[in-house]
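Text of the file target11.csv, holding CSV, C-alpha atoms:
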chain,number,residue,atom,x,y,z
Z,1,MET,CA,3.8,-9.5,13.2
Z,2,VAL,CA,6.0,-12.2,11.9
Z,3,THR,CA,6.9,-12.4,8.2
Z,4,MET,CA,6.1,-15.9,7.0
Z,5,THR,CA,7.3,-17.5,3.8
Z,6,LEU,CA,4.3,-19.9,3.5
Z,7,THR,CA,1.1,-18.8,1.9
Z,8,PRO,CA,-2.0,-18.9,4.1
Z,9,GLU,CA,-3.1,-22.0,2.2
Z,10,GLU,CA,0.2,-23.7,2.8
Z,11,GLU,CA,0.1,-22.8,6.5
Z,12,LEU,CA,-3.4,-24.3,6.8
Z,13,ARG,CA,-2.2,-27.5,5.2
Z,14,ARG,CA,1.0,-27.6,7.4
Z,15,VAL,CA,-1.1,-27.7,10.5
Z,16,GLY,CA,-3.6,-30.2,9.1
Z,17,VAL,CA,-6.6,-27.9,8.8
Z,18,ARG,CA,-9.0,-28.1,5.9
Z,19,VAL,CA,-8.2,-25.3,3.4
Z,20,THR,CA,-11.1,-23.0,2.6
Z,21,ARG,CA,-11.0,-19.6,0.9
Z,22,GLN,CA,-12.5,-18.0,4.1
Z,23,ARG,CA,-9.8,-19.5,6.3
Z,24,ALA,CA,-7.1,-18.4,3.9
Z,25,LEU,CA,-8.6,-14.9,3.6
Z,26,VAL,CA,-8.9,-14.4,7.4
Z,27,LEU,CA,-5.4,-15.8,8.1
Z,28,GLY,CA,-3.9,-13.6,5.4
Z,29,ILE,CA,-5.6,-10.5,6.8
Z,30,LEU,CA,-4.2,-11.2,10.3
Z,31,ARG,CA,-0.7,-12.0,9.0
Z,32,ARG,CA,-0.5,-8.8,7.0
Z,33,THR,CA,-1.7,-6.4,9.7
Z,34,ARG,CA,0.4,-4.9,12.4
Z,35,GLU,CA,-2.6,-4.3,14.6
Z,36,HIS,CA,-4.9,-6.4,16.7
Z,37,LEU,CA,-8.2,-6.9,15.1
Z,38,ASP,CA,-11.6,-7.9,16.5
Z,39,ALA,CA,-14.0,-10.0,14.5
Z,40,GLU,CA,-15.9,-7.0,13.1
Z,41,SER,CA,-12.6,-5.4,11.8
Z,42,ILE,CA,-11.6,-8.7,10.3
Z,43,TYR,CA,-15.1,-8.9,8.7
Z,44,ALA,CA,-14.8,-5.4,7.2
Z,45,ALA,CA,-11.4,-6.1,5.7
Z,46,ALA,CA,-12.5,-9.5,4.4
Z,47,ARG,CA,-15.7,-8.1,2.8
Z,48,ALA,CA,-13.6,-5.9,0.6
Z,49,GLN,CA,-12.2,-9.1,-1.0
Z,50,ASP,CA,-15.3,-11.3,-0.7
Z,51,ALA,CA,-18.7,-9.5,-0.6
Z,52,GLU,CA,-20.5,-12.8,0.1
Z,53,LEU,CA,-18.7,-13.4,3.4
Z,54,SER,CA,-20.9,-13.3,6.6
Z,55,LEU,CA,-19.9,-12.1,10.0
Z,56,ALA,CA,-20.9,-15.6,11.4
Z,57,THR,CA,-18.4,-17.2,9.0
Z,58,VAL,CA,-15.7,-14.9,10.3
Z,59,TYR,CA,-16.5,-15.9,13.9
Z,60,ARG,CA,-16.4,-19.6,13.0
Z,61,THR,CA,-13.2,-19.1,11.0
Z,62,VAL,CA,-11.5,-17.3,13.9
Z,63,ARG,CA,-12.4,-20.1,16.3
Z,64,ALA,CA,-11.0,-22.7,13.8
Z,65,LEU,CA,-7.8,-20.8,13.3
Z,66,GLN,CA,-7.3,-20.3,17.0
Z,67,ARG,CA,-7.8,-24.0,17.7
Z,68,ALA,CA,-5.2,-24.8,15.0
Z,69,GLY,CA,-2.7,-22.5,16.8
Z,70,LEU,CA,-2.5,-20.1,13.8
Z,71,ILE,CA,-3.9,-17.1,15.5
Z,72,GLU,CA,-4.0,-15.9,19.1
Z,73,ARG,CA,-6.7,-14.2,21.1
Z,74,ARG,CA,-5.4,-11.3,23.2
Z,75,TYR,CA,-6.8,-9.8,26.4
Z,76,PHE,CA,-6.3,-6.1,27.0
Z,77,GLY,CA,-8.3,-5.6,30.1
Z,78,PRO,CA,-11.9,-5.0,31.2
Z,79,GLY,CA,-12.2,-1.8,29.2
Z,80,HIS,CA,-12.1,-3.8,25.9
Z,81,THR,CA,-15.4,-5.4,25.1
Z,82,HIS,CA,-14.4,-7.4,22.0
Z,83,ASP,CA,-11.8,-10.2,21.6
Z,84,GLN,CA,-8.8,-9.1,19.7
Z,85,PHE,CA,-6.8,-11.4,17.5
Z,86,GLU,CA,-3.4,-11.5,15.9
Z,87,ALA,CA,-1.3,-14.0,13.9
Z,88,ALA,CA,0.6,-16.5,16.1
Z,89,GLY,CA,4.3,-17.0,15.9
Z,90,GLY,CA,5.7,-13.6,16.8
Z,91,PRO,CA,7.9,-12.9,19.8
Z,92,GLU,CA,6.3,-13.2,23.2
Z,93,HIS,CA,4.9,-9.8,24.1
Z,94,TYR,CA,2.5,-8.0,26.4
Z,95,HIS,CA,0.2,-5.1,26.2
Z,96,PHE,CA,-0.4,-1.7,27.8
Z,97,THR,CA,-3.7,0.1,27.1
Z,98,CYS,CA,-4.0,3.8,27.7
Z,99,VAL,CA,-7.2,4.5,29.5
Z,100,LYS,CA,-7.4,8.0,28.0
Z,101,CYS,CA,-6.7,7.5,24.3
Z,102,GLN,CA,-7.5,3.8,24.2
Z,103,ARG,CA,-4.3,3.0,22.2
Z,104,VAL,CA,-2.8,-0.4,22.8
Z,105,PHE,CA,1.0,-0.6,23.0
Z,106,GLU,CA,3.0,-3.8,22.7
Z,107,PHE,CA,6.1,-4.4,24.8
Z,108,GLU,CA,8.6,-7.2,25.3
Z,109,THR,CA,10.3,-8.0,28.6
Z,110,PRO,CA,12.5,-10.8,30.0
Z,111,LEU,CA,11.0,-10.3,33.4
Z,112,VAL,CA,8.1,-12.6,32.7
Z,113,ALA,CA,10.4,-15.4,31.7
Z,114,LYS,CA,12.4,-14.8,34.9
Z,115,LEU,CA,9.2,-14.9,37.0
Z,116,GLN,CA,8.2,-18.2,35.3
Z,117,ALA,CA,11.6,-19.7,36.1
Z,118,LYS,CA,11.4,-18.5,39.7
Z,119,LEU,CA,7.9,-20.0,40.1
Z,120,HIS,CA,9.2,-23.3,38.7
Z,121,ARG,CA,12.2,-23.3,41.1
Z,122,GLN,CA,10.2,-22.3,44.2
Z,123,ARG,CA,6.9,-24.0,43.6
Z,124,GLY,CA,7.4,-26.6,40.9
Z,125,TRP,CA,4.9,-24.9,38.6
Z,126,HIS,CA,5.1,-25.4,34.9
Z,127,VAL,CA,3.5,-22.3,33.4
Z,128,SER,CA,2.3,-22.9,29.9
Z,129,ARG,CA,0.7,-19.5,29.0
Z,130,VAL,CA,0.9,-16.0,30.5
Z,131,PHE,CA,-1.9,-13.4,30.2
Z,132,PHE,CA,-0.4,-10.1,31.2
Z,133,ALA,CA,-1.8,-6.6,30.5
Z,134,PHE,CA,-1.3,-3.2,31.9
Z,135,GLU,CA,-3.7,-0.2,31.9
Z,136,GLY,CA,-2.9,3.4,32.7
Z,137,GLU,CA,-1.9,6.6,30.9
Z,138,CYS,CA,0.6,6.5,28.0
Z,139,ALA,CA,3.5,9.0,28.0
Z,140,GLU,CA,1.7,11.3,25.5
Z,141,CYS,CA,-1.6,11.4,27.5
Z,142,ALA,CA,0.3,11.9,30.8
Z,143,GLY,CA,2.3,14.7,29.2
Z,144,HIS,CA,5.7,13.0,29.0
Z,145,GLY,CA,7.6,12.3,25.8
Z,146,SER,CA,7.0,9.7,23.2
Z,147,HIS,CA,5.3,6.4,23.0
Z,148,GLY,CA,5.5,3.1,21.0
Z,149,ARG,CA,6.9,-0.4,21.2
Z,150,VAL,CA,9.1,-0.6,24.3
Z,151,SER,CA,11.5,-3.2,25.5
Z,152,ALA,CA,11.6,-3.4,29.3
Z,153,GLU,CA,15.0,-4.8,30.2
Z,154,GLN,CA,14.8,-4.9,34.0
Exercise: express the given structure as structure tokens:
Amino acid sequence: MVTMTLTPEEELRRVGVRVTRQRALVLGILRRTREHLDAESIYAAARAQDAELSLATVYRTVRALQRAGLIERRYFGPGHTHDQFEAAGGPEHYHFTCVKCQRVFEFETPLVAKLQAKLHRQRGWHVSRVFFAFEGECAECAGHGSHGRVSAEQ
């Protein structure tokens, strides 16, 4: 999660999106959380601040914020039945889902950028977006050591 200096309302104006209290509320929730949230989780958090908000409004708002480039939808693999969202603008990262405990771990690696450069050199491809997720057993579930945010350097 990236710390931003602009308020959600200012960020909406910056990208030319009409400012509504629902958009500002949802964007604020996603910018404050360190987790990936599905629409239902966003709805639950938003209802605590706006009891009149509907789930349909959350879905419309998420689509509008995604089109504006303010939030990103993440793919964690076939075992996840709901779209997950997070605020845009953080460092490029990827995900590992433990098939036993269902936790999602974020990791960064320069290997993907190296692969993109190699594909460009070898094939002339201009990769604009990478969707990359691992599934398996985390260290804790597999019985080995600790878990958490990892930086894969090789």
Ile42 (chain Z) environment, 8 Å, all atoms listed in the file, sequence neighbours closer than 2 positions dropped, as a ChimeraX atom specification
/Z:26,29-30,37-40,44-46,58
Nearest residue to Arg103 (chain Z) out of Z:Val15, Z:Ala56, Z:Ala139, Z:Leu65, using only C-alpha atoms?
Z:Ala139
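The closest residue to Glu106 (chain Z), picked from Z:Leu25, Z:Ile71, Z:Cys138, Z:Leu119 and counting only C-alpha atoms, is Z:Cys138.
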To one decimal place in Å, what is the distance between CA of Thr97 (chain Z) and CA of Glu135 (chain Z)?
4.8 Å
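The space separating CA of Pro110 (chain Z) from CA of Thr5 (chain Z) comes to 27.5 Å.
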Residue contacts of Glu92 (chain Z) (12 Å, all atoms listed in the file) excluding same-chain residues fewer than 6 positions away, as a list of chain:residue names:
Z:Met1, Z:Val2, Z:Glu72, Z:Arg74, Z:Glu106, Z:Phe107, Z:Glu108, Z:Thr109, Z:Pro110, Z:Leu111, Z:Val112, Z:Ala113, Z:Arg129, Z:Val130, Z:Phe131, Z:Phe132, Z:Ser151
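Nearest to Ser41 (chain Z) of all the residues Z:Arg13, Z:Arg67, Z:His120, Z:His82 is Z:His82, based on only C-alpha atoms.
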Might you pull out every residue within 8 Å of region 22-24 of chain Z, with all atoms listed in the file counted and same-chain residues fewer than 3 positions away left off, and present them as a list of chain:residue names?
Z:Pro8, Z:Glu9, Z:Leu12, Z:Val19, Z:Leu27, Z:Gly28, Z:Leu53, Z:Thr57, Z:Val58, Z:Thr61, Z:Leu65
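Computed from the coordinates, the CA of Ala133 (chain Z) to CA of Arg73 (chain Z) distance equals 13.0 Å.
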